[in-house]
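So this one's my_file.cif, mmCIF, C-alpha atoms and all ligand atoms:
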```cif
data_query
loop_
_atom_site.label_atom_id
_atom_site.label_comp_id
_atom_site.auth_asym_id
_atom_site.auth_seq_id
_atom_site.Cartn_x
_atom_site.Cartn_y
_atom_site.Cartn_z
CA MET A 1 8.42 25.14 21.10
CA ARG A 2 4.68 24.94 21.72
CA THR A 3 2.32 22.57 19.97
CA ILE A 4 -1.33 22.78 19.02
CA SER A 5 -3.26 19.86 17.62
CA ASN A 6 -6.64 19.55 16.02
CA ASP A 7 -8.37 17.14 13.67
CA ARG A 8 -6.44 18.67 10.81
CA ALA A 9 -2.85 18.41 11.96
CA THR A 10 -0.22 18.78 14.64
CA VAL A 11 1.32 22.25 14.53
CA HIS A 12 4.66 22.95 16.19
CA ILE A 13 5.22 26.66 16.77
CA LEU A 14 8.84 27.78 17.05
CA PRO A 15 9.95 31.16 18.47
CA ASP A 16 11.67 32.44 15.33
CA SER A 17 12.94 31.51 11.86
CA LEU A 18 16.23 30.04 13.11
CA ALA A 19 14.47 27.79 15.62
CA LEU A 20 12.04 26.81 12.86
CA ALA A 21 14.91 25.84 10.55
CA GLN A 22 16.62 23.86 13.32
CA ALA A 23 13.43 21.99 14.21
CA ALA A 24 12.83 21.13 10.56
CA ALA A 25 16.44 19.98 10.08
CA ASN A 26 16.18 17.79 13.17
CA THR A 27 12.95 16.26 11.87
CA ILE A 28 14.57 15.44 8.54
CA LYS A 29 17.58 13.88 10.28
CA ARG A 30 15.36 11.81 12.55
CA ALA A 31 13.29 10.56 9.61
CA ALA A 32 16.47 9.70 7.72
CA ARG A 33 17.88 7.75 10.66
CA ILE A 34 14.69 5.72 11.09
CA ALA A 35 14.25 4.98 7.39
CA ILE A 36 17.88 3.96 6.94
CA GLU A 37 17.76 1.75 10.05
CA GLU A 38 14.65 0.04 8.69
CA ARG A 39 15.30 -0.06 4.94
CA GLN A 40 18.85 1.17 4.32
CA LYS A 41 17.30 3.92 2.19
CA PHE A 42 15.71 7.34 2.78
CA THR A 43 13.63 8.95 0.05
CA LEU A 44 13.30 12.69 0.59
CA ALA A 45 11.50 15.33 -1.49
CA LEU A 46 12.76 18.89 -1.05
CA SER A 47 10.54 21.93 -1.34
CA GLY A 48 11.55 25.07 -3.14
CA GLY A 49 11.22 28.78 -2.55
CA SER A 50 13.07 30.63 0.21
CA THR A 51 12.00 28.95 3.46
CA PRO A 52 14.08 25.79 2.91
CA LYS A 53 17.34 27.75 2.48
CA ALA A 54 17.99 28.08 6.21
CA ILE A 55 17.17 24.39 6.69
CA PHE A 56 19.56 23.35 3.92
CA GLN A 57 22.27 25.61 5.37
CA LEU A 58 21.91 23.95 8.76
CA LEU A 59 22.03 20.44 7.25
CA ALA A 60 25.20 21.35 5.35
CA GLN A 61 26.81 22.97 8.39
CA GLU A 62 25.94 20.06 10.67
CA HIS A 63 27.34 17.62 8.14
CA ALA A 64 30.59 19.57 8.01
CA ALA A 65 30.69 19.68 11.81
CA ASP A 66 29.86 15.97 12.02
CA VAL A 67 26.75 16.72 14.11
CA GLU A 68 24.37 13.74 13.82
CA ARG A 69 25.28 13.28 10.18
CA ILE A 70 22.74 11.90 7.73
CA GLU A 71 24.11 8.86 5.84
CA TRP A 72 23.79 10.72 2.57
CA ASP A 73 25.02 7.73 0.55
CA LYS A 74 21.70 6.07 1.42
CA VAL A 75 19.52 9.08 0.56
CA HIS A 76 17.57 9.58 -2.65
CA VAL A 77 16.75 13.26 -3.13
CA PHE A 78 13.74 14.36 -5.12
CA PHE A 79 12.10 17.75 -5.70
CA GLY A 80 8.42 18.32 -5.00
CA ASP A 81 8.20 20.80 -7.84
CA GLU A 82 10.35 22.73 -10.29
CA ARG A 83 10.16 25.85 -12.29
CA CYS A 84 10.46 25.39 -16.06
CA VAL A 85 13.89 26.95 -16.26
CA PRO A 86 17.40 25.52 -16.84
CA ALA A 87 19.06 23.78 -13.89
CA ASP A 88 21.51 26.67 -13.51
CA HIS A 89 18.82 29.37 -13.59
CA PRO A 90 18.52 31.58 -10.48
CA GLU A 91 14.88 30.47 -10.07
CA SER A 92 15.68 26.74 -10.23
CA ASN A 93 14.78 24.84 -7.06
CA PHE A 94 17.45 22.31 -8.00
CA ARG A 95 20.09 25.02 -8.28
CA MET A 96 19.15 26.45 -4.86
CA ALA A 97 19.31 23.06 -3.14
CA HIS A 98 22.51 22.08 -4.95
CA GLU A 99 24.32 25.32 -4.11
CA ILE A 100 23.34 25.38 -0.43
CA LEU A 101 23.23 21.68 0.47
CA LEU A 102 23.70 19.00 -2.17
CA SER A 103 27.12 20.21 -3.31
CA LYS A 104 28.26 20.02 0.32
CA VAL A 105 27.20 16.51 1.31
CA PRO A 106 28.26 13.13 -0.13
CA ALA A 107 24.96 12.21 -1.74
CA PRO A 108 25.82 10.21 -4.87
CA SER A 109 24.94 12.23 -7.94
CA ALA A 110 22.96 9.23 -9.23
CA ASN A 111 20.72 9.60 -6.17
CA ILE A 112 19.99 13.27 -6.70
CA HIS A 113 16.98 13.20 -8.96
CA ARG A 114 16.57 16.51 -10.74
CA ILE A 115 13.40 17.26 -12.68
CA HIS A 116 14.67 17.49 -16.26
CA THR A 117 12.81 20.59 -17.31
CA GLU A 118 14.89 20.81 -20.48
CA LEU A 119 12.64 18.04 -21.84
CA GLY A 120 9.65 20.39 -21.68
CA PRO A 121 7.06 20.28 -18.87
CA VAL A 122 4.99 17.29 -19.99
CA ALA A 123 7.93 15.04 -20.89
CA ALA A 124 9.79 16.12 -17.75
CA ALA A 125 6.80 15.14 -15.60
CA GLN A 126 6.45 11.77 -17.34
CA ALA A 127 10.17 11.05 -16.98
CA TYR A 128 10.08 12.04 -13.31
CA GLU A 129 7.18 9.73 -12.61
CA LYS A 130 9.24 6.87 -14.09
CA THR A 131 12.22 7.80 -11.93
CA LEU A 132 10.09 7.87 -8.78
CA ASN A 133 8.70 4.45 -9.61
CA SER A 134 12.11 2.98 -10.35
CA VAL A 135 13.58 4.23 -7.07
CA CYS A 136 10.59 3.69 -4.77
CA ARG A 137 9.35 0.48 -6.43
CA PRO A 138 5.72 0.75 -5.29
CA ASP A 139 3.44 -2.29 -5.30
CA ARG A 140 1.57 -2.78 -8.57
CA GLY A 141 -1.14 -0.15 -8.93
CA GLN A 142 0.19 1.86 -6.00
CA LEU A 143 1.87 5.23 -5.98
CA PRO A 144 5.37 5.68 -4.56
CA SER A 145 5.40 6.36 -0.83
CA LEU A 146 8.25 8.73 -0.09
CA ASP A 147 9.68 8.68 3.41
CA LEU A 148 9.46 12.45 3.83
CA VAL A 149 8.01 15.20 1.64
CA MET A 150 8.90 18.77 2.57
CA LEU A 151 6.32 21.39 1.63
CA GLY A 152 6.06 25.14 1.83
CA MET A 153 2.94 27.29 1.52
CA GLY A 154 2.40 30.44 -0.47
CA THR A 155 0.23 33.32 0.79
CA ASP A 156 -2.36 32.18 -1.77
CA GLY A 157 -2.45 28.75 -0.16
CA HIS A 158 -0.50 26.96 -2.89
CA THR A 159 1.93 24.21 -2.07
CA ALA A 160 4.53 22.61 -4.30
CA SER A 161 3.28 24.01 -7.61
CA LEU A 162 -0.34 23.18 -6.86
CA PHE A 163 -1.75 26.68 -7.27
CA PRO A 164 -5.41 27.64 -6.72
CA GLU A 165 -7.66 27.11 -9.75
CA THR A 166 -5.08 25.20 -11.79
CA GLY A 167 -5.52 21.92 -13.60
CA ALA A 168 -3.12 19.88 -11.47
CA LEU A 169 -5.52 20.10 -8.53
CA ASP A 170 -7.83 17.65 -10.31
CA GLU A 171 -5.16 15.00 -10.97
CA ARG A 172 -6.01 11.75 -9.19
CA GLN A 173 -3.88 9.20 -11.08
CA SER A 174 -0.46 10.54 -11.98
CA SER A 175 2.29 11.23 -9.47
CA VAL A 176 3.81 14.17 -11.32
CA VAL A 177 2.25 16.54 -13.84
CA ALA A 178 2.93 19.66 -15.82
CA ASN A 179 0.77 22.47 -14.49
CA TRP A 180 -0.05 25.70 -16.34
CA VAL A 181 -0.13 28.54 -13.79
CA PRO A 182 -1.92 31.56 -15.31
CA LYS A 183 -0.92 33.96 -12.53
CA LEU A 184 2.73 33.21 -13.29
CA ASN A 185 2.17 32.83 -17.03
CA THR A 186 4.30 29.69 -17.00
CA HIS A 187 4.23 25.94 -16.63
CA ARG A 188 5.52 24.25 -13.52
CA VAL A 189 6.28 20.54 -12.92
CA THR A 190 4.76 19.37 -9.66
CA PHE A 191 3.98 16.45 -7.39
CA THR A 192 0.25 15.80 -7.30
CA TYR A 193 -2.03 15.39 -4.28
CA PRO A 194 -2.08 11.59 -4.65
CA LEU A 195 1.71 11.37 -4.57
CA ILE A 196 2.15 13.84 -1.72
CA ASN A 197 -0.61 12.22 0.33
CA SER A 198 1.01 8.80 -0.14
CA ALA A 199 4.09 9.91 1.79
CA LYS A 200 5.02 8.32 5.12
CA GLU A 201 5.63 11.80 6.52
CA ILE A 202 4.73 15.26 5.24
CA LEU A 203 6.59 18.17 6.81
CA PHE A 204 4.89 21.50 6.09
CA ILE A 205 7.16 24.44 6.98
CA SER A 206 5.92 28.02 6.90
CA GLY A 207 7.15 31.15 8.61
CA GLY A 208 6.68 34.89 8.67
CA ALA A 209 3.82 37.21 9.51
CA GLU A 210 2.74 37.35 5.86
CA LYS A 211 1.63 33.70 6.10
CA ALA A 212 -0.52 34.18 9.23
CA GLY A 213 -3.80 34.83 7.41
CA MET A 214 -3.55 31.85 5.09
CA LEU A 215 -2.37 29.59 7.91
CA ARG A 216 -5.52 30.48 9.84
CA ASN A 217 -7.60 29.52 6.79
CA VAL A 218 -5.75 26.27 6.23
CA LEU A 219 -5.36 25.17 9.85
CA ARG A 220 -8.56 26.50 11.38
CA GLY A 221 -10.93 26.46 8.41
CA HIS A 222 -12.68 29.35 6.68
CA SER A 223 -16.10 30.25 5.36
CA GLY A 224 -15.04 30.28 1.72
CA THR A 225 -16.46 27.66 -0.61
CA THR A 226 -13.14 26.97 -2.36
CA ARG A 227 -10.58 24.95 -0.46
CA TYR A 228 -6.98 26.09 -0.75
CA PRO A 229 -4.46 23.60 -2.15
CA SER A 230 -2.64 23.38 1.19
CA GLU A 231 -5.90 22.22 2.79
CA GLU A 232 -5.94 19.18 0.49
CA ILE A 233 -2.70 17.81 1.93
CA ARG A 234 -4.04 14.91 4.02
CA PRO A 235 -1.78 11.84 4.17
CA THR A 236 -3.64 8.62 3.42
CA GLY A 237 -1.57 6.63 5.90
CA GLY A 238 1.32 8.76 6.94
CA LYS A 239 1.95 11.66 9.30
CA LEU A 240 1.39 15.37 8.67
CA VAL A 241 3.41 17.78 10.78
CA TRP A 242 3.34 21.55 10.47
CA MET A 243 6.21 23.67 11.69
CA ILE A 244 5.64 27.42 11.79
CA ASP A 245 7.15 30.34 13.67
CA GLU A 246 5.46 32.69 16.15
CA PRO A 247 4.95 35.53 13.63
CA ALA A 248 3.06 33.11 11.37
CA SER A 249 0.96 31.81 14.28
CA THR A 250 -0.63 35.08 15.43
CA LEU A 251 -4.07 34.35 13.92
CA LEU A 252 -4.40 30.71 14.96
C1 LIG B 1 8.32 26.80 -5.11
C2 LIG B 1 7.89 26.03 -3.90
C3 LIG B 1 6.64 26.61 -3.34
C4 LIG B 1 7.04 27.22 -2.03
C5 LIG B 1 6.02 28.23 -1.55
C6 LIG B 1 6.51 28.95 -0.30
O1 LIG B 1 8.80 26.20 -6.07
O2 LIG B 1 8.23 28.03 -5.02
O3 LIG B 1 7.90 24.71 -4.01
O4 LIG B 1 5.59 25.73 -3.14
O5 LIG B 1 7.19 26.19 -1.06
O6 LIG B 1 5.84 29.16 -2.61
O7 LIG B 1 7.68 29.65 -0.67
P1 LIG B 1 8.52 30.48 0.44
O8 LIG B 1 9.12 29.45 1.32
O9 LIG B 1 9.52 31.21 -0.39
O10 LIG B 1 7.54 31.36 1.15
#
```

Would you mind writing the file out in structure tokens?
Amino acid sequence: MRTISNDRATVHILPDSLALAQAAANTIKRAARIAIEERQKFTLALSGGSTPKAIFQLLAQEHAADVERIEWDKVHVFFGDERCVPADHPESNFRMAHEILLSKVPAPSANIHRIHTELGPVAAAQAYEKTLNSVCRPDRGQLPSLDLVMLGMGTDGHTASLFPETGALDERQSSVVANWVPKLNTHRVTFTYPLINSAKEILFISGGAEKAGMLRNVLRGHSGTTRYPSEEIRPTGGKLVWMIDEPASTLL
């Protein structure tokens, strides 16, 4: 693994996708161990899409093999965003995480906090904000500060379901909102910048040659006037770590 740092972030570059998944899994396990030692609780937000699958597989395999197990009974699992589909739909981020990881580890079902998209996007976002507050118990007037938020990045620079030129980018108060995404012709439910940036640790994971161009924009800057959503991820007090693979790093 090689590391580059600048004023924007620390970027760990792993040789390939498997090494990337292993490094990310190790980071999650380390964050869990520290949080549980300090507060007997670990609040974790999972990202969706395809990149996390290999990470979730490793976490499930290492639990089964009793390799540095996470104390899952002390973990509260959240989702950084969700598609507005049923929980058993092939595109559901919850379904993906449940099939690969959450059905294979002893996390109490009461601690797996699914975004209830069946309520409709706005009500689901409002309900999720209440759940976050009840679990994280932030100080009055503060947003929840999750221990670790996993994020991925799309080739358009989106993260979670904060897509370019969508209304959720302007949200500065709420933790979770419904976001209409014209390019997908659908609503999503998503964490907002304020909630993400309140996290103690943000772990951005992105791999593959197709992400190289956008990673250069996000990590090195670009001449465009519009900032990409992934550029707006700047923790207010926590740590931001990027993990990418060599194919994704070729333009840095
Ligand atoms: C989602 C994700 C989204 C994802 C990026 C990258 O619901 O799709 O939360 O933000 O992280 O689109 O997806 P890949 O990992 O599949 O490239």

Write out, as a tab-separated table, each residue of chain A that has an atom at most 8 Å from ligand LIG 1 (chain B), together with the closest pair of atoms and their distance in Å to one decimal, counting all atoms listed in the file, rows going by chain and rising number.
```
residue	atom	partner	partner_atom	distance
A:Ser47	CA	B:LIG1	O3	4.7
A:Gly48	CA	B:LIG1	O3	3.8
A:Gly49	CA	B:LIG1	O9	3.7
A:Ser50	CA	B:LIG1	O9	3.6
A:Thr51	CA	B:LIG1	O8	3.6
A:Pro52	CA	B:LIG1	O8	6.4
A:Gly80	CA	B:LIG1	O3	6.5
A:Asp81	CA	B:LIG1	O3	5.5
A:Glu82	CA	B:LIG1	O1	5.7
A:Arg83	CA	B:LIG1	O1	6.4
A:Asn93	CA	B:LIG1	O1	6.2
A:Leu151	CA	B:LIG1	O5	5.6
A:Gly152	CA	B:LIG1	O5	3.3
A:Met153	CA	B:LIG1	C6	4.3
A:Gly154	CA	B:LIG1	O6	4.2
A:Thr155	CA	B:LIG1	O10	7.6
A:His158	CA	B:LIG1	O4	6.2
A:Thr159	CA	B:LIG1	O4	4.1
A:Ala160	CA	B:LIG1	O4	3.5
A:Ser161	CA	B:LIG1	O4	5.3
A:Leu162	CA	B:LIG1	O4	7.5
A:Ile205	CA	B:LIG1	O8	7.8
A:Ser206	CA	B:LIG1	O8	6.6
A:Gly207	CA	B:LIG1	O10	7.5
```

Exercise for review: Go through A:Pro121, A:Gly167, A:Gly221, A:Pro235 one by one, measure the shortest atom-to-atom distance of each to Leu146 (chain A) using only C-alpha atoms, and give the residue with the smallest value.
Suggested key: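 Closest to Leu146 (chain A) of all the choices is A:Pro235.
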
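CA of Glu91 (chain A) is found 26.3 Å from CA of Ala64 (chain A).
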
Review point. With all atoms listed in the file as the atoms that count, which of A:Ala127, A:Tyr193, A:Val122, A:His113 lies nearest to Leu143 (chain A)?
Key: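 Residue with the minimum atom-to-atom distance to Leu143 (chain A): A:Tyr193.
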
Check your understanding: What separation in Å, quoted to one decimal, exists between CA of Cys136 (chain A) and CA of Asn111 (chain A)?
Key -> 11.8 Å

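Pairwise distance (CA of Phe56 (chain A), CA of Ser230 (chain A)) equals 22.4 Å.
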
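Proximity ranking of A:Thr27, A:Gln173, A:Thr190, A:Ser249 relative to Asn217 (chain A) places A:Ser249 first, based on all atoms listed in the file.
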
Point to revise | Shortest interatomic distance to Glu232 (chain A) - which of A:Ile115, A:Ile4, A:Ala9, A:Leu252, counting only C-alpha atoms | key: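 That would be A:Ala9, the residue with the smallest distance to Glu232 (chain A).
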
Exercise for review: Name the residues in contact with region 95-110 of chain A at a cut-off of 6 Å, using all atoms listed in the file, excluding same-chain residues fewer than 4 positions from it; report them as a ChimeraX atom specification.
Suggested key: /A:56-57,60,72-73,87-88

Taking C-alpha atoms for each residue, export the selection above as a PDB file, in the coordinates of the input.
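Okay, this is what ended up in selection.pdb:
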```
ATOM      1  CA  PHE A  56      19.560  23.350   3.920  1.00  0.00           C
ATOM      2  CA  GLN A  57      22.270  25.610   5.370  1.00  0.00           C
ATOM      3  CA  ALA A  60      25.200  21.350   5.350  1.00  0.00           C
ATOM      4  CA  TRP A  72      23.790  10.720   2.570  1.00  0.00           C
ATOM      5  CA  ASP A  73      25.020   7.730   0.550  1.00  0.00           C
ATOM      6  CA  ALA A  87      19.060  23.780 -13.890  1.00  0.00           C
ATOM      7  CA  ASP A  88      21.510  26.670 -13.510  1.00  0.00           C
TER       8      ASP A  88
END
```

Practice item. Name all residues at most 7 Å from Thr117 (chain A) (count all atoms listed in the file; drop same-chain ones fewer than 5 positions away) and give them as a list in words. Key: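 That gives Cys84, Val85, Pro86 and Ala124 of chain A.
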
Review point. Which of these residues is nearest to Ile34 (chain A), using only C-alpha atoms: A:Leu184, A:Val67, A:Lys200, A:Glu129?
Key: A:Lys200
